[in-house]
file data04.cif (mmCIF, C-alpha atoms; chains and numbers go by the auth columns)
data_model
loop_
_atom_site.group_PDB
_atom_site.id
_atom_site.type_symbol
_atom_site.label_atom_id
_atom_site.label_comp_id
_atom_site.label_asym_id
_atom_site.label_seq_id
_atom_site.Cartn_x
_atom_site.Cartn_y
_atom_site.Cartn_z
_atom_site.B_iso_or_equiv
_atom_site.auth_seq_id
_atom_site.auth_asym_id
ATOM 1 C CA MET A 1 0.000 0.000 0.000 0.00 804 J
ATOM 2 C CA GLU A 2 2.773 2.431 0.901 0.00 805 J
ATOM 3 C CA SER A 3 4.687 1.805 -2.299 0.00 806 J
ATOM 4 C CA THR A 4 1.588 2.598 -4.354 0.00 807 J
ATOM 5 C CA SER A 5 1.374 5.999 -2.703 0.00 808 J
ATOM 6 C CA ALA A 6 4.991 6.708 -3.715 0.00 809 J
ATOM 7 C CA TYR A 7 4.138 6.057 -7.362 0.00 810 J
ATOM 8 C CA ILE A 8 1.000 8.176 -7.136 0.00 811 J
ATOM 9 C CA ILE A 9 2.949 11.064 -5.593 0.00 812 J
ATOM 10 C CA ALA A 10 5.488 10.958 -8.433 0.00 813 J
ATOM 11 C CA LEU A 11 2.772 10.728 -11.088 0.00 814 J
ATOM 12 C CA ILE A 12 0.754 13.629 -9.706 0.00 815 J
ATOM 13 C CA THR A 13 3.871 15.762 -9.278 0.00 816 J
ATOM 14 C CA ALA A 14 4.935 15.107 -12.882 0.00 817 J
ATOM 15 C CA LEU A 15 1.514 16.006 -14.220 0.00 818 J
ATOM 16 C CA LEU A 16 1.317 19.164 -12.088 0.00 819 J
ATOM 17 C CA PHE A 17 4.752 20.296 -13.244 0.00 820 J
ATOM 18 C CA LEU A 18 3.770 19.616 -16.848 0.00 821 J
ATOM 19 C CA LEU A 19 0.633 21.703 -16.361 0.00 822 J
ATOM 20 C CA LEU A 20 2.705 24.473 -14.774 0.00 823 J
ATOM 21 C CA SER A 21 5.116 24.340 -17.705 0.00 824 J
ATOM 22 C CA ALA A 22 2.231 24.638 -20.171 0.00 825 J
ATOM 23 C CA ILE A 23 0.781 27.580 -18.251 0.00 826 J
ATOM 24 C CA LEU A 24 4.157 29.337 -18.223 0.00 827 J
ATOM 25 C CA ALA A 25 4.676 28.650 -21.935 0.00 828 J
ATOM 26 C CA ASN A 26 1.328 30.201 -22.765 0.00 829 J
ATOM 27 C CA ALA A 27 1.963 33.161 -20.458 0.00 830 J
ATOM 28 C CA ILE A 28 5.137 34.166 -22.293 0.00 831 J
ATOM 29 C CA LYS A 29 4.222 36.519 -25.118 0.00 832 J
ATOM 30 C CA PHE A 30 5.410 36.104 -28.683 0.00 833 J
ATOM 31 C CA GLU A 31 8.210 38.506 -29.599 0.00 834 J
ATOM 32 C CA GLY A 32 8.514 39.919 -33.052 0.00 835 J
ATOM 33 C CA GLY A 33 11.615 40.635 -35.034 0.00 836 J
ATOM 34 C CA SER A 34 14.330 38.558 -36.592 0.00 837 J
ATOM 35 C CA ALA A 35 15.777 37.130 -33.343 0.00 838 J
ATOM 36 C CA PRO A 36 13.012 36.615 -30.798 0.00 839 J
ATOM 37 C CA LYS A 37 14.015 35.295 -27.386 0.00 840 J
ATOM 38 C CA ASP A 38 10.660 33.873 -26.354 0.00 841 J
ATOM 39 C CA PRO A 39 11.220 30.305 -27.704 0.00 842 J
ATOM 40 C CA GLN A 40 14.428 30.000 -25.688 0.00 843 J
ATOM 41 C CA LEU A 41 12.659 31.320 -22.601 0.00 844 J
ATOM 42 C CA ARG A 42 9.907 28.715 -22.951 0.00 845 J
ATOM 43 C CA ARG A 43 12.481 25.976 -23.456 0.00 846 J
ATOM 44 C CA ASN A 44 14.448 27.108 -20.395 0.00 847 J
ATOM 45 C CA TRP A 45 11.340 27.045 -18.218 0.00 848 J
ATOM 46 C CA PHE A 46 10.413 23.580 -19.448 0.00 849 J
ATOM 47 C CA TRP A 47 13.835 22.146 -18.635 0.00 850 J
ATOM 48 C CA THR A 48 14.098 23.993 -15.323 0.00 851 J
ATOM 49 C CA LEU A 49 10.802 22.471 -14.255 0.00 852 J
ATOM 50 C CA ALA A 50 12.019 19.107 -15.589 0.00 853 J
ATOM 51 C CA LEU A 51 14.895 19.281 -13.122 0.00 854 J
ATOM 52 C CA LEU A 52 12.714 20.467 -10.258 0.00 855 J
ATOM 53 C CA ASN A 53 10.087 17.767 -10.849 0.00 856 J
ATOM 54 C CA PRO A 54 12.043 14.784 -9.434 0.00 857 J
ATOM 55 C CA ALA A 55 13.451 16.834 -6.575 0.00 858 J
ATOM 56 C CA VAL A 56 10.024 18.018 -5.448 0.00 859 J
ATOM 57 C CA ALA A 57 8.478 14.564 -5.928 0.00 860 J
ATOM 58 C CA PHE A 58 11.177 12.919 -3.842 0.00 861 J
ATOM 59 C CA LEU A 59 11.115 15.539 -1.099 0.00 862 J
ATOM 60 C CA LEU A 60 7.317 15.435 -0.866 0.00 863 J
ATOM 61 C CA GLY A 61 7.319 11.668 -0.709 0.00 864 J
ATOM 62 C CA TYR A 62 10.137 11.459 1.795 0.00 865 J
ATOM 63 C CA PHE A 63 9.264 14.234 4.220 0.00 866 J
ATOM 64 C CA VAL A 64 5.508 14.741 3.882 0.00 867 J
ATOM 65 C CA PHE A 65 4.006 11.392 2.930 0.00 868 J
ATOM 66 C CA ARG A 66 6.514 8.965 4.483 0.00 869 J
ATOM 67 C CA PRO A 67 4.698 6.209 6.377 0.00 870 J
ATOM 68 C CA ASP A 68 5.202 5.674 10.084 0.00 871 J
ATOM 69 C CA ALA A 69 5.955 1.975 10.054 0.00 872 J
ATOM 70 C CA ASN A 70 8.706 -0.520 10.752 0.00 873 J
ATOM 71 C CA ILE A 71 12.054 -0.365 8.991 0.00 874 J
ATOM 72 C CA MET A 72 11.210 -3.001 6.374 0.00 875 J
ATOM 73 C CA VAL A 73 8.114 -1.150 5.193 0.00 876 J
ATOM 74 C CA LEU A 74 10.070 2.109 5.224 0.00 877 J
ATOM 75 C CA ASN A 75 12.870 0.599 3.113 0.00 878 J
ATOM 76 C CA ASN A 76 10.337 -0.731 0.590 0.00 879 J
ATOM 77 C CA TYR A 77 8.740 2.711 0.478 0.00 880 J
ATOM 78 C CA LYS A 78 12.100 4.389 -0.180 0.00 881 J
ATOM 79 C CA ILE A 79 12.827 2.010 -3.046 0.00 882 J
ATOM 80 C CA ALA A 80 9.375 2.636 -4.523 0.00 883 J
ATOM 81 C CA LEU A 81 9.863 6.382 -4.064 0.00 884 J
ATOM 82 C CA ASN A 82 13.151 6.297 -5.986 0.00 885 J
ATOM 83 C CA ILE A 83 11.610 4.267 -8.800 0.00 886 J
ATOM 84 C CA GLY A 84 8.516 6.472 -8.849 0.00 887 J
ATOM 85 C CA THR A 85 10.629 9.616 -9.003 0.00 888 J
ATOM 86 C CA ALA A 86 12.529 8.266 -12.003 0.00 889 J
ATOM 87 C CA ILE A 87 9.286 7.210 -13.701 0.00 890 J
ATOM 88 C CA GLY A 88 7.805 10.656 -13.026 0.00 891 J
ATOM 89 C CA PHE A 89 10.828 12.335 -14.620 0.00 892 J
ATOM 90 C CA VAL A 90 10.646 10.138 -17.715 0.00 893 J
ATOM 91 C CA LEU A 91 6.883 10.685 -17.913 0.00 894 J
ATOM 92 C CA TYR A 92 7.359 14.463 -17.736 0.00 895 J
ATOM 93 C CA ILE A 93 9.891 14.391 -20.590 0.00 896 J
ATOM 94 C CA LEU A 94 7.845 11.951 -22.689 0.00 897 J
ATOM 95 C CA LEU A 95 4.554 13.816 -22.316 0.00 898 J
ATOM 96 C CA GLY A 96 6.339 17.123 -22.911 0.00 899 J
ATOM 97 C CA PHE A 97 7.811 15.763 -26.136 0.00 900 J
ATOM 98 C CA ILE A 98 4.426 14.440 -27.294 0.00 901 J
ATOM 99 C CA LEU A 99 2.699 17.735 -26.477 0.00 902 J
ATOM 100 C CA SER A 100 5.389 19.752 -28.229 0.00 903 J
ATOM 101 C CA LYS A 101 4.925 17.684 -31.380 0.00 904 J
ATOM 102 C CA ILE A 102 1.121 17.890 -31.212 0.00 905 J
ATOM 103 C CA PHE A 103 1.208 21.670 -30.740 0.00 906 J
ATOM 104 C CA ALA A 104 4.241 22.255 -32.973 0.00 907 J
ATOM 105 C CA ASN A 105 2.936 25.576 -34.303 0.00 908 J
ATOM 106 C CA GLY A 106 1.997 26.926 -30.865 0.00 909 J
ATOM 107 C CA LYS A 107 3.874 28.095 -27.832 0.00 910 J
ATOM 108 C CA ILE A 108 4.223 24.595 -26.390 0.00 911 J
ATOM 109 C CA GLY A 109 5.989 23.544 -29.576 0.00 912 J
ATOM 110 C CA HIS A 110 9.116 25.435 -28.456 0.00 913 J
ATOM 111 C CA TRP A 111 9.901 22.978 -25.649 0.00 914 J
ATOM 112 C CA PHE A 112 12.043 20.733 -27.857 0.00 915 J
#
call {"tool": "encode", "arguments": {"input": "data04.cif", "output": "structure tokens"}}
result
Amino acid sequence: MESTSAYIIALITALLFLLLSAILANAIKFEGGSAPKDPQLRRNWFWTLALLNPAVAFLLGYFVFRPDANIMVLNNYKIALNIGTAIGFVLYILLGFILSKIFANGKIGHWF
């Protein structure tokens, strides 16, 4: 049961960070001219949030949602939390890539 909550924490964190990245990408205005800086700004925010995603997921899981149980359950939870954090990071990158290809002509298309 505890290991399932670690995976859910990582999944929800990845989806929330992806939503935050999409909101930030749409909040940045298009710049005109021959060398606009807005695509690079969107890309930087996406990758900054990509790096923050596993850190926040792990810290939330370890300090906020850690179960109060014996050491064996706690060790299993830590292993599941590490795996879930890695899965959440990969999911963030994969969904971000898919969304950037779907919305290639929009603001989200600048992520990759």
call {"tool": "resolve_selection", "arguments": {"input": "data04.cif", "expression": "the PyMOL selection byres ((chain J and resi 894-905) around 8)", "output": "VMD selection string"}}
result
chain J and resid 814 817 to 818 820 to 821 853 890 to 893 906 to 907 911 to 915
call {"tool": "residues_around", "arguments": {"input": "data04.cif", "residues": "Asn878 of chain J", "least_positions_apart": "6", "cutoff": "12 Å", "atoms": "all atoms listed in the file", "output": "list of chain:residue names"}}
result
J:Glu805, J:Ser806, J:Tyr865, J:Arg869, J:Pro870, J:Asp871, J:Ala872, J:Leu884, J:Asn885
call {"tool": "resolve_selection", "arguments": {"input": "data04.cif", "expression": "the PyMOL selection byres ((chain J and resi 845) around 10)", "output": "list in words"}}
result
Ser824, Ala825, Leu827, Ala828, Asn829, Ala830, Ile831, Lys832, Lys840, Asp841, Pro842, Gln843, Leu844, Arg846, Asn847, Trp848, Phe849, Trp850, Thr851, Lys910, Ile911, Gly912, His913, Trp914 and Phe915 of chain J
call {"tool": "axis_aligned_box", "arguments": {"input": "data04.cif", "around": "segment 896-907 of chain J", "padding_each_side": "6 Å", "output": "JSON"}}
result
{"center_x": 5.5, "center_y": 17.1, "center_z": -26.8, "size_x": 20.8, "size_y": 22.3, "size_z": 24.4}
call {"tool": "resolve_selection", "arguments": {"input": "data04.cif", "expression": "the PyMOL selection byres ((chain J and resi 883) around 8)", "output": "number ranges by chain"}}
result
J: 806-807, 809-810, 879-882, 884-887
call {"tool": "closest_residue", "arguments": {"input": "data04.cif", "among": "J:Thr816, J:Ser808, J:Ser837, J:Asn908", "to": "Leu855 of chain J", "atoms": "all atoms listed in the file"}}
result
J:Thr816
call {"tool": "atom_distance", "arguments": {"input": "data04.cif", "atom1": "atom CA of Leu877 of chain J", "atom2": "atom CA of Leu819 of chain J"}}
result
25.8 Å
call {"tool": "atom_distance", "arguments": {"input": "data04.cif", "atom1": "atom CA of Leu823 of chain J", "atom2": "atom CA of Val859 of chain J"}}
result
13.5 Å
call {"tool": "atom_distance", "arguments": {"input": "data04.cif", "atom1": "atom CA of Ile811 of chain J", "atom2": "atom CA of Leu862 of chain J"}}
result
13.9 Å
call {"tool": "closest_residue", "arguments": {"input": "data04.cif", "among": "J:Leu822, J:Ala813, J:Leu852, J:Val876", "to": "Gly864 of chain J", "atoms": "only C-alpha atoms"}}
result
J:Ala813
call {"tool": "build_atoms", "arguments": {"input": "data04.cif", "residues": "segment 857-877 of chain J", "atoms": "N, CA and C atoms", "output": "PDB file, in the coordinates of the input"}}
result
ATOM      1  N   PRO J 857      11.667  15.909 -10.286  1.00  0.00           N
ATOM      2  CA  PRO J 857      12.043  14.784  -9.434  1.00  0.00           C
ATOM      3  C   PRO J 857      12.448  15.206  -8.034  1.00  0.00           C
ATOM      4  N   ALA J 858      13.052  16.379  -7.904  1.00  0.00           N
ATOM      5  CA  ALA J 858      13.451  16.834  -6.575  1.00  0.00           C
ATOM      6  C   ALA J 858      12.233  17.070  -5.691  1.00  0.00           C
ATOM      7  N   VAL J 859      11.233  17.741  -6.224  1.00  0.00           N
ATOM      8  CA  VAL J 859      10.024  18.018  -5.448  1.00  0.00           C
ATOM      9  C   VAL J 859       9.259  16.732  -5.161  1.00  0.00           C
ATOM     10  N   ALA J 860       9.187  15.837  -6.137  1.00  0.00           N
ATOM     11  CA  ALA J 860       8.478  14.564  -5.928  1.00  0.00           C
ATOM     12  C   ALA J 860       9.146  13.754  -4.834  1.00  0.00           C
ATOM     13  N   PHE J 861      10.473  13.687  -4.861  1.00  0.00           N
ATOM     14  CA  PHE J 861      11.177  12.919  -3.842  1.00  0.00           C
ATOM     15  C   PHE J 861      11.042  13.552  -2.466  1.00  0.00           C
ATOM     16  N   LEU J 862      11.201  14.869  -2.402  1.00  0.00           N
ATOM     17  CA  LEU J 862      11.115  15.539  -1.099  1.00  0.00           C
ATOM     18  C   LEU J 862       9.707  15.460  -0.511  1.00  0.00           C
ATOM     19  N   LEU J 863       8.694  15.598  -1.353  1.00  0.00           N
ATOM     20  CA  LEU J 863       7.317  15.435  -0.866  1.00  0.00           C
ATOM     21  C   LEU J 863       7.086  14.026  -0.352  1.00  0.00           C
ATOM     22  N   GLY J 864       7.516  13.053  -1.109  1.00  0.00           N
ATOM     23  CA  GLY J 864       7.319  11.668  -0.709  1.00  0.00           C
ATOM     24  C   GLY J 864       8.099  11.293   0.532  1.00  0.00           C
ATOM     25  N   TYR J 865       9.291  11.844   0.662  1.00  0.00           N
ATOM     26  CA  TYR J 865      10.137  11.459   1.795  1.00  0.00           C
ATOM     27  C   TYR J 865       9.773  12.188   3.080  1.00  0.00           C
ATOM     28  N   PHE J 866       9.497  13.474   3.007  1.00  0.00           N
ATOM     29  CA  PHE J 866       9.264  14.234   4.220  1.00  0.00           C
ATOM     30  C   PHE J 866       7.793  14.409   4.574  1.00  0.00           C
ATOM     31  N   VAL J 867       6.912  14.465   3.595  1.00  0.00           N
ATOM     32  CA  VAL J 867       5.508  14.741   3.882  1.00  0.00           C
ATOM     33  C   VAL J 867       4.687  13.464   3.965  1.00  0.00           C
ATOM     34  N   PHE J 868       4.867  12.566   3.009  1.00  0.00           N
ATOM     35  CA  PHE J 868       4.006  11.392   2.930  1.00  0.00           C
ATOM     36  C   PHE J 868       4.686  10.102   3.372  1.00  0.00           C
ATOM     37  N   ARG J 869       5.812  10.163   4.031  1.00  0.00           N
ATOM     38  CA  ARG J 869       6.514   8.965   4.483  1.00  0.00           C
ATOM     39  C   ARG J 869       5.685   8.252   5.547  1.00  0.00           C
ATOM     40  N   PRO J 870       5.518   6.933   5.401  1.00  0.00           N
ATOM     41  CA  PRO J 870       4.698   6.209   6.377  1.00  0.00           C
ATOM     42  C   PRO J 870       5.428   6.026   7.702  1.00  0.00           C
ATOM     43  N   ASP J 871       4.664   5.978   8.763  1.00  0.00           N
ATOM     44  CA  ASP J 871       5.202   5.674  10.084  1.00  0.00           C
ATOM     45  C   ASP J 871       5.025   4.184  10.306  1.00  0.00           C
ATOM     46  N   ALA J 872       6.047   3.424   9.970  1.00  0.00           N
ATOM     47  CA  ALA J 872       5.955   1.975  10.054  1.00  0.00           C
ATOM     48  C   ALA J 872       7.328   1.425  10.430  1.00  0.00           C
ATOM     49  N   ASN J 873       7.425   0.100  10.410  1.00  0.00           N
ATOM     50  CA  ASN J 873       8.706  -0.520  10.752  1.00  0.00           C
ATOM     51  C   ASN J 873       9.718  -0.291   9.644  1.00  0.00           C
ATOM     52  N   ILE J 874      10.955  -0.695   9.896  1.00  0.00           N
ATOM     53  CA  ILE J 874      12.054  -0.365   8.991  1.00  0.00           C
ATOM     54  C   ILE J 874      11.916  -1.079   7.648  1.00  0.00           C
ATOM     55  N   MET J 875      11.339  -2.278   7.631  1.00  0.00           N
ATOM     56  CA  MET J 875      11.210  -3.001   6.374  1.00  0.00           C
ATOM     57  C   MET J 875      10.201  -2.313   5.451  1.00  0.00           C
ATOM     58  N   VAL J 876       9.106  -1.875   5.987  1.00  0.00           N
ATOM     59  CA  VAL J 876       8.114  -1.150   5.193  1.00  0.00           C
ATOM     60  C   VAL J 876       8.702   0.175   4.720  1.00  0.00           C
ATOM     61  N   LEU J 877       9.453   0.833   5.582  1.00  0.00           N
ATOM     62  CA  LEU J 877      10.070   2.109   5.224  1.00  0.00           C
ATOM     63  C   LEU J 877      11.114   1.928   4.125  1.00  0.00           C
TER      64      LEU J 877
END
